[in-house]
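A.B. asks: This is my_file_28.cif, which holds mmCIF, C-alpha atoms and all ligand atoms:
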data_coords
loop_
_atom_site.label_atom_id
_atom_site.label_comp_id
_atom_site.auth_asym_id
_atom_site.auth_seq_id
_atom_site.Cartn_x
_atom_site.Cartn_y
_atom_site.Cartn_z
CA MET A 27 103.97 49.84 121.15
CA ASN A 28 105.97 52.56 119.35
CA ILE A 29 108.87 54.01 121.29
CA LEU A 30 109.21 57.74 120.77
CA ALA A 31 112.63 59.29 120.14
CA PHE A 32 113.74 60.79 123.45
CA SER A 33 116.42 63.18 124.70
CA GLN A 34 117.06 63.43 128.44
CA ALA A 35 118.70 66.84 127.90
CA ALA A 36 115.57 68.18 126.21
CA GLU A 37 113.48 66.87 129.10
CA ASN A 38 115.78 68.60 131.61
CA ASN A 39 116.08 71.98 129.89
CA ARG A 40 112.50 72.44 128.64
CA GLY A 41 111.25 73.98 131.92
CA PRO A 42 113.96 76.67 132.23
CA ILE A 43 113.63 77.47 128.50
CA ALA A 44 109.83 77.79 128.74
CA GLN A 45 110.14 80.14 131.71
CA ILE A 46 112.09 82.59 129.52
CA LEU A 47 110.07 82.07 126.34
CA ARG A 48 106.81 82.87 128.18
CA GLU A 49 108.04 86.45 128.53
CA THR A 50 110.23 86.70 125.43
CA PHE A 51 107.56 85.33 123.06
CA ALA A 52 104.63 87.06 124.84
CA ASP A 53 103.78 89.13 121.74
CA VAL A 54 104.87 86.54 119.16
CA ARG A 55 102.26 84.61 117.16
CA ASN A 56 104.09 82.38 114.65
CA VAL A 57 107.24 80.57 115.78
CA LEU A 58 109.51 78.48 113.56
CA GLU A 59 111.57 75.88 115.42
CA ILE A 60 114.69 74.86 113.48
CA GLY A 61 116.05 71.35 114.19
CA SER A 62 113.10 70.11 116.27
CA GLY A 63 114.93 66.83 116.98
CA THR A 64 112.68 64.57 119.05
CA GLY A 65 109.76 67.02 119.13
CA GLN A 66 109.89 67.22 122.94
CA HIS A 67 110.49 70.98 123.00
CA ALA A 68 107.68 71.54 120.50
CA VAL A 69 105.15 69.63 122.62
CA TYR A 70 106.14 71.37 125.84
CA MET A 71 106.42 74.90 124.40
CA GLY A 72 103.11 74.41 122.62
CA GLN A 73 101.53 73.55 125.98
CA CYS A 74 103.22 76.43 127.84
CA LEU A 75 102.59 79.05 125.10
CA PRO A 76 99.02 78.42 123.93
CA HIS A 77 98.72 81.93 122.42
CA LEU A 78 101.08 81.10 119.55
CA ILE A 79 101.52 78.67 116.66
CA TRP A 80 104.66 76.52 116.99
CA ARG A 81 105.96 75.33 113.58
CA THR A 82 108.34 72.36 113.74
CA SER A 83 111.04 71.58 111.18
CA ASP A 84 114.14 69.46 110.68
CA LEU A 85 116.13 67.54 108.11
CA ALA A 86 113.77 65.26 106.15
CA HIS A 87 115.00 62.02 107.75
CA ASN A 88 113.99 63.28 111.22
CA LEU A 89 110.40 64.13 110.34
CA PRO A 90 108.82 60.70 111.08
CA ASP A 91 110.16 60.76 114.67
CA ILE A 92 108.90 64.30 115.23
CA GLN A 93 105.52 63.48 113.71
CA ALA A 94 105.16 60.40 115.93
CA ARG A 95 105.69 62.50 119.05
CA LEU A 96 103.33 65.23 117.90
CA THR A 97 100.64 62.69 117.07
CA ALA A 98 100.98 61.19 120.56
CA GLU A 99 101.29 64.35 122.65
CA ALA A 100 101.07 67.72 120.90
CA PRO A 101 98.38 70.31 121.51
CA ALA A 102 96.59 71.76 118.47
CA ASN A 103 98.84 74.83 118.22
CA VAL A 104 101.88 72.70 117.27
CA MET A 105 102.12 72.17 113.52
CA ALA A 106 103.30 69.06 111.65
CA PRO A 107 107.01 69.18 110.81
CA VAL A 108 108.28 70.52 107.50
CA ALA A 109 111.53 69.47 105.84
CA LEU A 110 113.95 72.32 106.36
CA ASP A 111 117.68 72.06 105.83
CA VAL A 112 119.11 75.49 106.60
CA ALA A 113 121.14 75.17 103.38
CA MET A 114 117.94 75.33 101.29
CA GLN A 115 117.84 78.40 99.04
CA SER A 116 114.15 78.95 99.63
CA TRP A 117 112.66 78.05 103.04
CA PRO A 118 109.14 76.53 103.11
CA VAL A 119 107.74 79.05 105.65
CA THR A 120 106.76 82.72 105.63
CA ASP A 121 105.50 85.42 108.03
CA ILE A 122 107.48 84.15 110.96
CA ASP A 123 107.75 86.51 113.93
CA GLY A 124 109.66 84.15 116.23
CA VAL A 125 112.49 81.66 115.71
CA PHE A 126 113.64 79.09 118.26
CA SER A 127 116.46 76.62 117.86
CA ALA A 128 118.13 74.54 120.56
CA ASN A 129 121.47 72.77 120.37
CA THR A 130 121.87 73.12 116.62
CA LEU A 131 124.67 75.66 115.99
CA HIS A 132 127.39 73.43 117.46
CA ILE A 133 126.10 70.43 115.47
CA MET A 134 126.02 72.20 112.08
CA SER A 135 129.08 73.31 110.14
CA TRP A 136 129.91 77.03 110.23
CA THR A 137 128.75 77.25 106.60
CA HIS A 138 125.36 75.95 107.74
CA VAL A 139 125.29 78.47 110.59
CA THR A 140 125.80 81.28 108.06
CA GLN A 141 123.04 79.79 105.89
CA LEU A 142 120.74 79.59 108.92
CA PHE A 143 121.05 83.36 109.44
CA ARG A 144 120.67 84.11 105.72
CA GLY A 145 117.49 81.99 105.73
CA ILE A 146 115.95 83.55 108.81
CA GLY A 147 116.81 86.96 107.43
CA GLU A 148 114.56 86.16 104.44
CA ILE A 149 111.52 84.92 106.36
CA LEU A 150 111.41 87.16 109.44
CA CYS A 151 108.87 89.94 109.93
CA GLU A 152 109.87 93.29 111.41
CA GLN A 153 109.98 93.15 115.24
CA ALA A 154 110.63 89.39 115.07
CA ILE A 155 112.41 87.68 117.96
CA VAL A 156 115.12 85.03 117.53
CA CYS A 157 116.04 82.72 120.44
CA LEU A 158 119.00 80.35 120.23
CA TYR A 159 119.76 77.92 123.03
CA GLY A 160 123.04 76.07 123.53
CA PRO A 161 126.67 76.41 124.61
CA PHE A 162 128.74 79.38 123.33
CA LYS A 163 132.27 80.75 123.70
CA TYR A 164 132.96 84.39 124.61
CA ASP A 165 136.18 86.18 123.55
CA GLY A 166 137.35 82.80 122.24
CA LYS A 167 137.03 81.20 125.70
CA PHE A 168 134.80 78.36 126.84
CA THR A 169 132.54 79.23 129.76
CA THR A 170 133.55 76.03 131.62
CA PRO A 171 136.12 73.20 131.34
CA SER A 172 133.26 70.77 130.61
CA ASN A 173 132.24 72.83 127.57
CA ALA A 174 135.89 72.67 126.34
CA GLN A 175 135.73 68.86 126.67
CA PHE A 176 132.37 68.78 124.91
CA ASP A 177 133.88 70.79 122.03
CA LEU A 178 136.72 68.26 121.67
CA TRP A 179 134.21 65.41 121.66
CA LEU A 180 132.11 67.16 119.01
CA LYS A 181 135.14 67.73 116.76
CA GLN A 182 136.25 64.10 117.04
CA ARG A 183 132.80 63.12 115.80
CA ASP A 184 132.65 65.78 113.09
CA PRO A 185 135.56 68.21 112.55
CA LEU A 186 133.17 70.81 111.10
CA SER A 187 131.06 70.95 114.26
CA GLY A 188 131.96 72.71 117.51
CA ILE A 189 130.90 75.32 120.04
CA ARG A 190 130.53 78.70 118.32
CA ASP A 191 131.88 82.11 119.30
CA PHE A 192 129.11 84.40 120.49
CA GLU A 193 130.74 87.37 118.73
CA SER A 194 130.78 85.60 115.33
CA VAL A 195 127.18 84.46 115.70
CA ASP A 196 126.12 87.93 116.78
CA ALA A 197 127.81 89.42 113.70
CA LEU A 198 125.71 87.12 111.47
CA ALA A 199 122.57 88.17 113.34
CA ARG A 200 123.38 91.89 113.04
CA ALA A 201 123.91 91.48 109.28
CA GLN A 202 120.22 90.43 109.14
CA GLY A 203 119.02 93.50 111.05
CA LEU A 204 118.84 91.69 114.39
CA HIS A 205 120.19 93.30 117.54
CA PRO A 206 120.94 91.42 120.76
CA VAL A 207 118.49 92.00 123.60
CA ALA A 208 119.33 89.29 126.16
CA ASP A 209 121.81 86.59 127.05
CA HIS A 210 120.37 84.28 129.71
CA ALA A 211 122.71 81.93 131.57
CA MET A 212 120.97 78.54 131.64
CA PRO A 213 121.54 75.29 133.55
CA ALA A 214 124.26 72.89 132.38
CA ASN A 215 126.54 75.64 131.00
CA ASN A 216 124.20 76.76 128.24
CA GLN A 217 122.95 80.18 127.17
CA LEU A 218 119.65 81.37 125.74
CA LEU A 219 120.50 84.21 123.34
CA VAL A 220 117.79 86.60 122.20
CA TRP A 221 117.82 89.04 119.25
CA ARG A 222 115.11 91.38 117.97
CA ARG A 223 114.67 92.74 114.46
CA GLY A 224 113.95 96.42 113.97
C1 LIG A 301 121.56 67.96 118.95
S1 LIG A 301 120.12 67.91 117.97
C2 LIG A 301 119.05 69.04 118.87
C3 LIG A 301 117.61 68.66 118.74
C4 LIG A 301 116.64 69.50 119.61
N1 LIG A 301 116.58 70.86 119.12
C5 LIG A 301 117.02 69.46 121.06
O1 LIG A 301 117.48 70.45 121.62
O2 LIG A 301 116.84 68.38 121.66
C6 LIG A 301 120.56 68.86 116.52
C7 LIG A 301 119.45 69.00 115.51
O3 LIG A 301 119.90 69.84 114.43
C8 LIG A 301 119.38 69.31 113.23
N2 LIG A 301 120.21 69.77 112.10
C9 LIG A 301 121.49 69.44 111.82
N3 LIG A 301 121.88 70.00 110.66
C10 LIG A 301 120.81 70.72 110.19
C11 LIG A 301 120.58 71.50 109.03
N4 LIG A 301 121.54 71.65 108.10
N5 LIG A 301 119.38 72.09 108.86
C12 LIG A 301 118.40 71.93 109.80
N6 LIG A 301 118.56 71.18 110.92
C13 LIG A 301 119.74 70.58 111.11
C14 LIG A 301 119.49 67.80 113.46
O4 LIG A 301 118.73 67.07 112.53
C15 LIG A 301 119.01 67.68 114.89
O5 LIG A 301 117.61 67.57 114.99
#
Would you write out, as structure tokens, the structure that this file holds?
Ligand SMILES: C[S@@+](CC[C@H](N)C(=O)[O-])C[C@H]1O[C@@H](n2cnc3c(N)ncnc32)[C@H](O)[C@@H]1O

C.D. replies:
Amino acid sequence: MNILAFSQAAENNRGPIAQILRETFADVRNVLEIGSGTGQHAVYMGQCLPHLIWRTSDLAHNLPDIQARLTAEAPANVMAPVALDVAMQSWPVTDIDGVFSANTLHIMSWTHVTQLFRGIGEILCEQAIVCLYGPFKYDGKFTTPSNAQFDLWLKQRDPLSGIRDFESVDALARAQGLHPVADHAMPANNQLLVWRRG
């Protein structure tokens, strides 16, 4: 028996995320997920949002785990994963009108975060929606003491990682013609940030 890669956090947050994406992605048809991880979000969002195509992606070494989960559980509107490192000059997707990424910005370096926005700026259609889920700081402050501890833990693991400032992320988004439309407070001290282009 193959054991699928599993994240308890993804299992816990998928319901609250789907509740918001149902409305936010109501008119979206072609979503790119960046950093699909275990594939759990892809399977669940594909089931909850049958009107759209959900395109999975991640660093090349993660693709077999994602593919295994999709083969076991995914509905037909979830596409096989493509290798996508946000640092790639040319991204292997086009005509995307929705982007979703969960728990990636605090794992990547800040250089990678800037490359993520440059990349999505290239592939997004007008009126596209971008949704980023995870912990953020506001005015340089953590939203909770546990997020401050999480940030310390992240930096011990990788000094280039860490919880990002909303204002700095928003500036990168605005530089790509995206304007903020919502900031949803989510369980476990996370946010779901939404931007729209055009
Ligand atoms: C903490 S995991 C989150 C996985 C999943 N989105 C979730 O919420 O369970 C971070 C993900 O970011 C991906 N990642 C890290 N650096 C990346 C990069 N440069 N380009 C694309 N994905 C990257 C990792 O491979 C991993 O899948």

A.B. asks: Show me a table, sorted first by chain and then by increasing residue number, of the residues of chain A having an atom at most 6 Å from ligand LIG 301 (chain A), each with its shortest atom pair and the distance in Å to one decimal, counting all atoms listed in the file and written as CSV.

C.D. replies:
residue,atom,partner,partner_atom,distance
A:Ala36,CA,A:LIG301,O2,4.7
A:Ile60,CA,A:LIG301,N6,5.9
A:Gly61,CA,A:LIG301,C8,4.0
A:Ser62,CA,A:LIG301,N1,4.6
A:Gly63,CA,A:LIG301,O5,3.4
A:Asp84,CA,A:LIG301,N6,4.7
A:Leu85,CA,A:LIG301,O4,5.1
A:Leu110,CA,A:LIG301,C12,5.6
A:Asp111,CA,A:LIG301,N5,3.5
A:Val112,CA,A:LIG301,N5,4.1
A:Ala113,CA,A:LIG301,N4,5.9
A:Ser127,CA,A:LIG301,N1,5.9
A:Ala128,CA,A:LIG301,N1,4.2
A:Asn129,CA,A:LIG301,C2,4.7
A:Thr130,CA,A:LIG301,O3,4.4
A:Ile133,CA,A:LIG301,C6,5.9
A:Met134,CA,A:LIG301,N3,4.9
A:His138,CA,A:LIG301,N4,5.8

A.B. asks: So the first atom is CA of Pro107 in chain A and the second is CA of Arg81 in chain A; what is the distance between them in Å, to one decimal place?

C.D. replies: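 We find that CA of Pro107 in chain A and CA of Arg81 in chain A lie 6.8 Å from each other.
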
A.B. asks: For Ala94 in chain A, work out the shell of residues within 9 Å, counting all atoms listed in the file and skipping chain neighbours fewer than 5 positions away, then give it as a PyMOL selection string.

C.D. replies: chain A and resi 28+30-31+65+89+99

A.B. asks: List every protein, DNA or RNA residue that has an atom no more than 10 Å from (134.1, 72.2, 115.8) in the file's coordinate frame, counting only C-alpha atoms, and report them as a tab-separated table (two decimals) with C-alpha atoms, keeping the file's coordinate frame.

C.D. replies:
chain	number	residue	atom	x	y	z
A	132	HIS	CA	127.39	73.43	117.46
A	133	ILE	CA	126.10	70.43	115.47
A	134	MET	CA	126.02	72.20	112.08
A	135	SER	CA	129.08	73.31	110.14
A	136	TRP	CA	129.91	77.03	110.23
A	176	PHE	CA	132.37	68.78	124.91
A	177	ASP	CA	133.88	70.79	122.03
A	178	LEU	CA	136.72	68.26	121.67
A	179	TRP	CA	134.21	65.41	121.66
A	180	LEU	CA	132.11	67.16	119.01
A	181	LYS	CA	135.14	67.73	116.76
A	182	GLN	CA	136.25	64.10	117.04
A	183	ARG	CA	132.80	63.12	115.80
A	184	ASP	CA	132.65	65.78	113.09
A	185	PRO	CA	135.56	68.21	112.55
A	186	LEU	CA	133.17	70.81	111.10
A	187	SER	CA	131.06	70.95	114.26
A	188	GLY	CA	131.96	72.71	117.51
A	189	ILE	CA	130.90	75.32	120.04
A	190	ARG	CA	130.53	78.70	118.32

A.B. asks: What is the CA of His205 in chain A-CA of Arg223 in chain A distance in Å, reported with one decimal?

C.D. replies: 6.3 Å

A.B. asks: Considering only C-alpha atoms, can you say which of A:Glu59, A:Asp123, A:Asp165, A:Glu193 comes closest to Ile92 in chain A?

C.D. replies: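 Ranking A:Glu59, A:Asp123, A:Asp165, A:Glu193 by distance to Ile92 in chain A, first place goes to A:Glu59.
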
A.B. asks: With only C-alpha atoms as the atoms that count, which of A:Glu152, A:Asp53, A:Asp196, A:Asp121 lies nearest to Thr140 in chain A?

C.D. replies: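 Checking each of A:Glu152, A:Asp53, A:Asp196, A:Asp121 against Thr140 in chain A, counting only C-alpha atoms, the winner is A:Asp196.
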
A.B. asks: May I have the protein, DNA and RNA residues with any atom at most 12 Å from the point (132.7, 77.3, 134.9), counting all atoms listed in the file, written as number ranges by chain?

C.D. replies: A: 161, 163, 167-174, 211, 213-216

A.B. asks: With a distance cut-off of 8 Å and all atoms listed in the file, select the neighbouring residues of Gly72 in chain A, excluding the residue or stretch itself and same-chain residues fewer than 4 positions from it, and output the selection as a PyMOL selection string.

C.D. replies: chain A and resi 68+76+78-80+100-101+103-104

A.B. asks: Quick check, in Å to one decimal: how far apart do CA of Val207 in chain A and CA of Val220 in chain A lie?

C.D. replies: 5.6 Å

A.B. asks: Pick the closest to Asn38 in chain A from A:Gln153, A:Arg222, A:Leu204, A:Tyr70: which is it, counting all atoms listed in the file?

C.D. replies: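 So, comparing all the options, the nearest one is A:Tyr70.
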
A.B. asks: I'd like to know which of A:Met105, A:Leu142, A:Met114, A:Met71 is closest to Asn39 in chain A, using all atoms listed in the file.

C.D. replies: A:Met71

A.B. asks: Using all atoms listed in the file, determine which residues lie at most 12 Å from Trp221 in chain A, disregarding the query and same-chain residues fewer than 6 positions distant; provide the list as a ChimeraX atom specification.

C.D. replies: /A:50-51,123-126,143,146,150,152-159,195-210

A.B. asks: Which residue gives the smallest distance to Glu37 in chain A among A:Leu75, A:Ala102, A:Val69, A:Val119, with only C-alpha atoms counted?

C.D. replies: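 Ranking A:Leu75, A:Ala102, A:Val69, A:Val119 by distance to Glu37 in chain A, first place goes to A:Val69.
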